[in-house]
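Visitor: Dropping the structure in here first, questions after.
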Amino acid sequence: MSAIRLYEDNAYIRDFEAQITGIASGDLGTEVTLDRTAFYPESGGQPCDHGFIADQAVLQVLERDGEIIHILASNCPLTEGPAKCRLDWERRYDLMQQHCGQHILSAALDKLFGAATVGFHLTEEHTQIDLAIEELTEAMIKEAEALANLAVHSPARIRVHFPDAAALAEMPLRKPPTVADGIRIVEVEDFDWSPCCGTHPGCAAEVGLIKIIRVEKVKKQSRVEFLCGQRAMQDYDAKNRLLLELSAMLSIGTDEIPAQISRLQDTNKQAKKELQEVREKLLRHEADQLLAESADPETDLHIVSRVFPDRPTDELRLLAGFICAYPSAAAILAGTAGDSAHIILARSKDLDIHMGEICKQVAPFVAGRGGGSPQMAQCGGNDLSGLPQALTTATELIVKAKL
């Protein structure tokens, strides 16, 4: 026999007594059935309730073949018979605020722009609705948000109806029901009528506030993310605290933060440019010194082979480029970081040597792989012990290719 669903008539029941009618072991844990329950099972886009049955935590609630199944921890010490039950009321009330806010916001968007809600997703962190409209401008978003909050700040009652066919035909439904039997209609007085099996507060004012925080286009629809009630307040508190912290850090008013950040970005961009210019000058000077130390009169080559501990790969690549800007020059530059090594191989344009092929041959010495173009290549590995042999072999292959 299916349990009596107490939440359908009274969403404010948080403590109740029930008979445990079944206990079974399942894949998710211990499955418990009751003769009556205020626990809402996950459905219709709304997460399930949490709470306790006889002081044992309810981890999940689901519906299976018309039966409400309460999932508790495996091997929990319960027996059939009477049990005191209680909901995690803070969670339940939060979900009530979010779900009711969704009805109101969806109705506002439908009234203003004919944007029907085609998807609803409510989690512990956010609420999203998908709308059958390709674009929502900022002005449209603000207009819908304002209309929704007018309903929230009104004395509108929220009522639940179980109409027969005749009564249902007279109701101005925003969308048709998806079931044929046991239809439940949630009414937001003078604002919305919708089929819904979820839990809602008794008046629109309990939603507290509806705030749209993000809108994105998903294929040919618009996805709206919003917060209601306590979630909206927490979001406001966090963002206000952040603004005050930024204001104190920058020693300016909160309204001046965007302009100050723009100025700081410009200053940072200019500083990076100047730093890069200085960096390149130093690397050019370093390249000149390395070339002067590497001349080989027998091969007419300048082969620079060095190991640089803790030197970034991009800097070695830039240094190799400056070295190989000179004729008859080749660079074998290795950097180490912890237990790994990376090797840059490069040559000047006048040399007919394929550095990518040489790179493939030396990579196994450092237990790695690599490759690249004829002019520049790189490889890496995690065997530093083979690094000296890798550099020696690369030098020998370059000399052989030149000869």
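Following the order of the structure tokens, first chain is A, next is B, and so on, with residues numbered from 1 inside each chain and ligands from 1 in the order they appear.
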For range 356-359 of chain A, list every protein, DNA or RNA residue within 9 Å, evaluated using only C-alpha atoms, and leave out those in the same chain fewer than 3 positions away; present the list as a PyMOL selection string.

Guide: chain A and resi 343-346+353+362-363+369-379+393-394+397-398

Visitor: I need the residues of range 175-253 of chain A that end up classed as strand (DSSP E) by DSSP on the backbone, written out as a list in words.

Guide: Ile185, Val186, Glu187, Val188, Asp192, Trp193, Ser194, Pro195, Ile210, Lys211, Ile212, Ile213, Arg214, Val215, Glu216, Lys217, Val218, Gln221, Ser222, Arg223, Val224, Glu225, Phe226, Leu227 and Cys228 of chain A

Visitor: Just how far from CA of Ile212 in chain A is CA of Ile257 in chain A, in Å to one decimal?

Guide: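 One can read the CA of Ile257 in chain A to CA of Ile212 in chain A distance as 22.4 Å.
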
Visitor: Skipping near chain neighbours, those fewer than 5 positions away, what residues fall within 10 Å of range 147-160 of chain A using only C-alpha atoms, listed as a PyMOL selection string?

Guide: chain A and resi 8-10+100-109+111-112+142+184-197+199-211

Visitor: Put those residues in a file: C-alpha atoms, as a PDB file, in the first residue's frame.

Guide:
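Here's the written file again.pdb:
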```pdb
ATOM      1  CA  GLU A   8       0.932  17.322  -0.588  1.00  0.00           C
ATOM      2  CA  ASP A   9      -1.569  19.019   1.736  1.00  0.00           C
ATOM      3  CA  ASN A  10       0.793  20.621   4.245  1.00  0.00           C
ATOM      4  CA  CYS A 100       8.164  28.665  -5.611  1.00  0.00           C
ATOM      5  CA  GLY A 101      10.489  31.352  -6.939  1.00  0.00           C
ATOM      6  CA  GLN A 102      10.856  29.283 -10.108  1.00  0.00           C
ATOM      7  CA  HIS A 103       7.077  29.252 -10.617  1.00  0.00           C
ATOM      8  CA  ILE A 104       6.902  33.017 -10.203  1.00  0.00           C
ATOM      9  CA  LEU A 105       9.907  33.832 -12.417  1.00  0.00           C
ATOM     10  CA  SER A 106       8.770  31.394 -15.103  1.00  0.00           C
ATOM     11  CA  ALA A 107       5.334  33.006 -15.075  1.00  0.00           C
ATOM     12  CA  ALA A 108       6.856  36.490 -15.359  1.00  0.00           C
ATOM     13  CA  LEU A 109       8.972  35.494 -18.353  1.00  0.00           C
ATOM     14  CA  LYS A 111       3.684  36.821 -19.393  1.00  0.00           C
ATOM     15  CA  LEU A 112       6.173  39.374 -20.705  1.00  0.00           C
ATOM     16  CA  LYS A 142      15.529  43.311 -15.537  1.00  0.00           C
ATOM     17  CA  ARG A 184      -2.117  18.639  -8.471  1.00  0.00           C
ATOM     18  CA  ILE A 185      -2.211  22.355  -9.311  1.00  0.00           C
ATOM     19  CA  VAL A 186      -0.184  25.006  -7.472  1.00  0.00           C
ATOM     20  CA  GLU A 187      -1.712  28.473  -7.626  1.00  0.00           C
ATOM     21  CA  VAL A 188       0.159  31.698  -6.947  1.00  0.00           C
ATOM     22  CA  GLU A 189      -2.782  34.014  -6.334  1.00  0.00           C
ATOM     23  CA  ASP A 190      -3.482  36.379  -9.260  1.00  0.00           C
ATOM     24  CA  PHE A 191      -0.215  35.377 -10.939  1.00  0.00           C
ATOM     25  CA  ASP A 192       0.236  31.719 -11.900  1.00  0.00           C
ATOM     26  CA  TRP A 193      -1.450  28.329 -12.148  1.00  0.00           C
ATOM     27  CA  SER A 194       0.812  25.334 -12.804  1.00  0.00           C
ATOM     28  CA  PRO A 195       0.706  21.550 -12.433  1.00  0.00           C
ATOM     29  CA  CYS A 196       3.324  20.626  -9.835  1.00  0.00           C
ATOM     30  CA  CYS A 197       4.021  17.870  -7.317  1.00  0.00           C
ATOM     31  CA  THR A 199       6.596  21.667  -2.042  1.00  0.00           C
ATOM     32  CA  HIS A 200       5.877  25.406  -1.745  1.00  0.00           C
ATOM     33  CA  PRO A 201       5.393  27.967   1.042  1.00  0.00           C
ATOM     34  CA  GLY A 202       1.944  29.311   1.893  1.00  0.00           C
ATOM     35  CA  CYS A 203       2.437  32.791   0.480  1.00  0.00           C
ATOM     36  CA  ALA A 204       4.580  34.435  -2.197  1.00  0.00           C
ATOM     37  CA  ALA A 205       6.205  36.770   0.336  1.00  0.00           C
ATOM     38  CA  GLU A 206       8.043  33.807   1.885  1.00  0.00           C
ATOM     39  CA  VAL A 207      10.151  33.526  -1.271  1.00  0.00           C
ATOM     40  CA  GLY A 208      11.848  36.678   0.046  1.00  0.00           C
ATOM     41  CA  LEU A 209      13.632  37.786  -3.114  1.00  0.00           C
ATOM     42  CA  ILE A 210      14.250  36.545  -6.648  1.00  0.00           C
ATOM     43  CA  LYS A 211      17.596  37.514  -8.146  1.00  0.00           C
TER      44      LYS A 211
END
```

Visitor: Please determine, counting only C-alpha atoms, which residue among A:Tyr326, A:Tyr7, A:Tyr93, A:Phe113 has the shortest atom-to-atom distance to Lys349 in chain A.

Guide: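 Smallest distance to Lys349 in chain A is found for A:Tyr326.
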
Visitor: Enter the distance from CA of Leu59 in chain A to CA of Leu227 in chain A, in Å, rounded to one decimal.

Guide: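 Between CA of Leu59 in chain A and CA of Leu227 in chain A the gap works out to 24.5 Å.
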
Visitor: Could you work out how far CA of Gly198 in chain A lies from CA of Glu124 in chain A, giving the answer in Å with one decimal?

Guide: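 Between CA of Glu124 in chain A and CA of Gly198 in chain A the gap is 15.4 Å.
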
Visitor: Just asking: which residues within range 216-260 of chain A are alpha helix (DSSP H) according to DSSP, as a list in words?

Guide: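 Filtering range 216-260 of chain A down to alpha helix (DSSP H) leaves Gly229, Gln230, Arg231, Ala232, Met233, Gln234, Asp235, Tyr236, Asp237, Ala238, Lys239, Asn240, Arg241, Leu242, Leu243, Leu244, Glu245, Leu246, Ser247, Ala248, Met249, Leu250, Ile257, Pro258, Ala259 and Gln260 of chain A.
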
Visitor: Hey, what's within 6 Å of range 12-29 of chain A if we count only C-alpha atoms and toss same-chain stuff fewer than 2 positions away? As a ChimeraX atom specification, please?

Guide: /A:10,31-36,71-74,80-87

Visitor: What lies within 10 Å of Ser222 in chain A using only C-alpha atoms, ignoring chain neighbours under 4 positions off, as a short mmCIF file (atom, residue, chain, number, x, y, z; two decimals) with C-alpha atoms, in the first residue's frame?

Guide:
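This is the output file result30.cif:
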```
data_model
loop_
_atom_site.label_atom_id
_atom_site.label_comp_id
_atom_site.auth_asym_id
_atom_site.auth_seq_id
_atom_site.Cartn_x
_atom_site.Cartn_y
_atom_site.Cartn_z
CA ALA A 115 9.16 32.53 -23.07
CA THR A 117 9.95 27.19 -19.39
CA ILE A 129 15.36 27.21 -15.93
CA ASP A 130 15.66 26.68 -19.67
CA LEU A 131 13.45 28.90 -21.79
CA ALA A 132 12.13 28.49 -25.33
CA ILE A 133 13.60 31.81 -26.42
CA GLU A 134 16.93 32.36 -28.18
CA GLU A 135 17.88 35.68 -26.62
CA LEU A 136 17.17 37.57 -23.43
CA VAL A 215 21.94 34.08 -18.34
CA GLU A 216 23.52 32.05 -21.12
CA LYS A 217 22.49 30.82 -24.53
CA VAL A 218 22.27 27.04 -24.87
#
```

Visitor: For Ser385 in chain A, please output as a list of chain:residue names all residues within 12 Å (counting only C-alpha atoms; exclusion window: fewer than 2 positions along the same chain).

Guide: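 Within the cut-off, the hits are A:Thr336, A:Asp339, A:Ser340, A:Ala341, A:Pro364, A:Phe365, A:Val366, A:Ala367, A:Gly381, A:Asn382, A:Asp383, A:Leu387, A:Pro388, A:Gln389, A:Ala390, A:Leu391.
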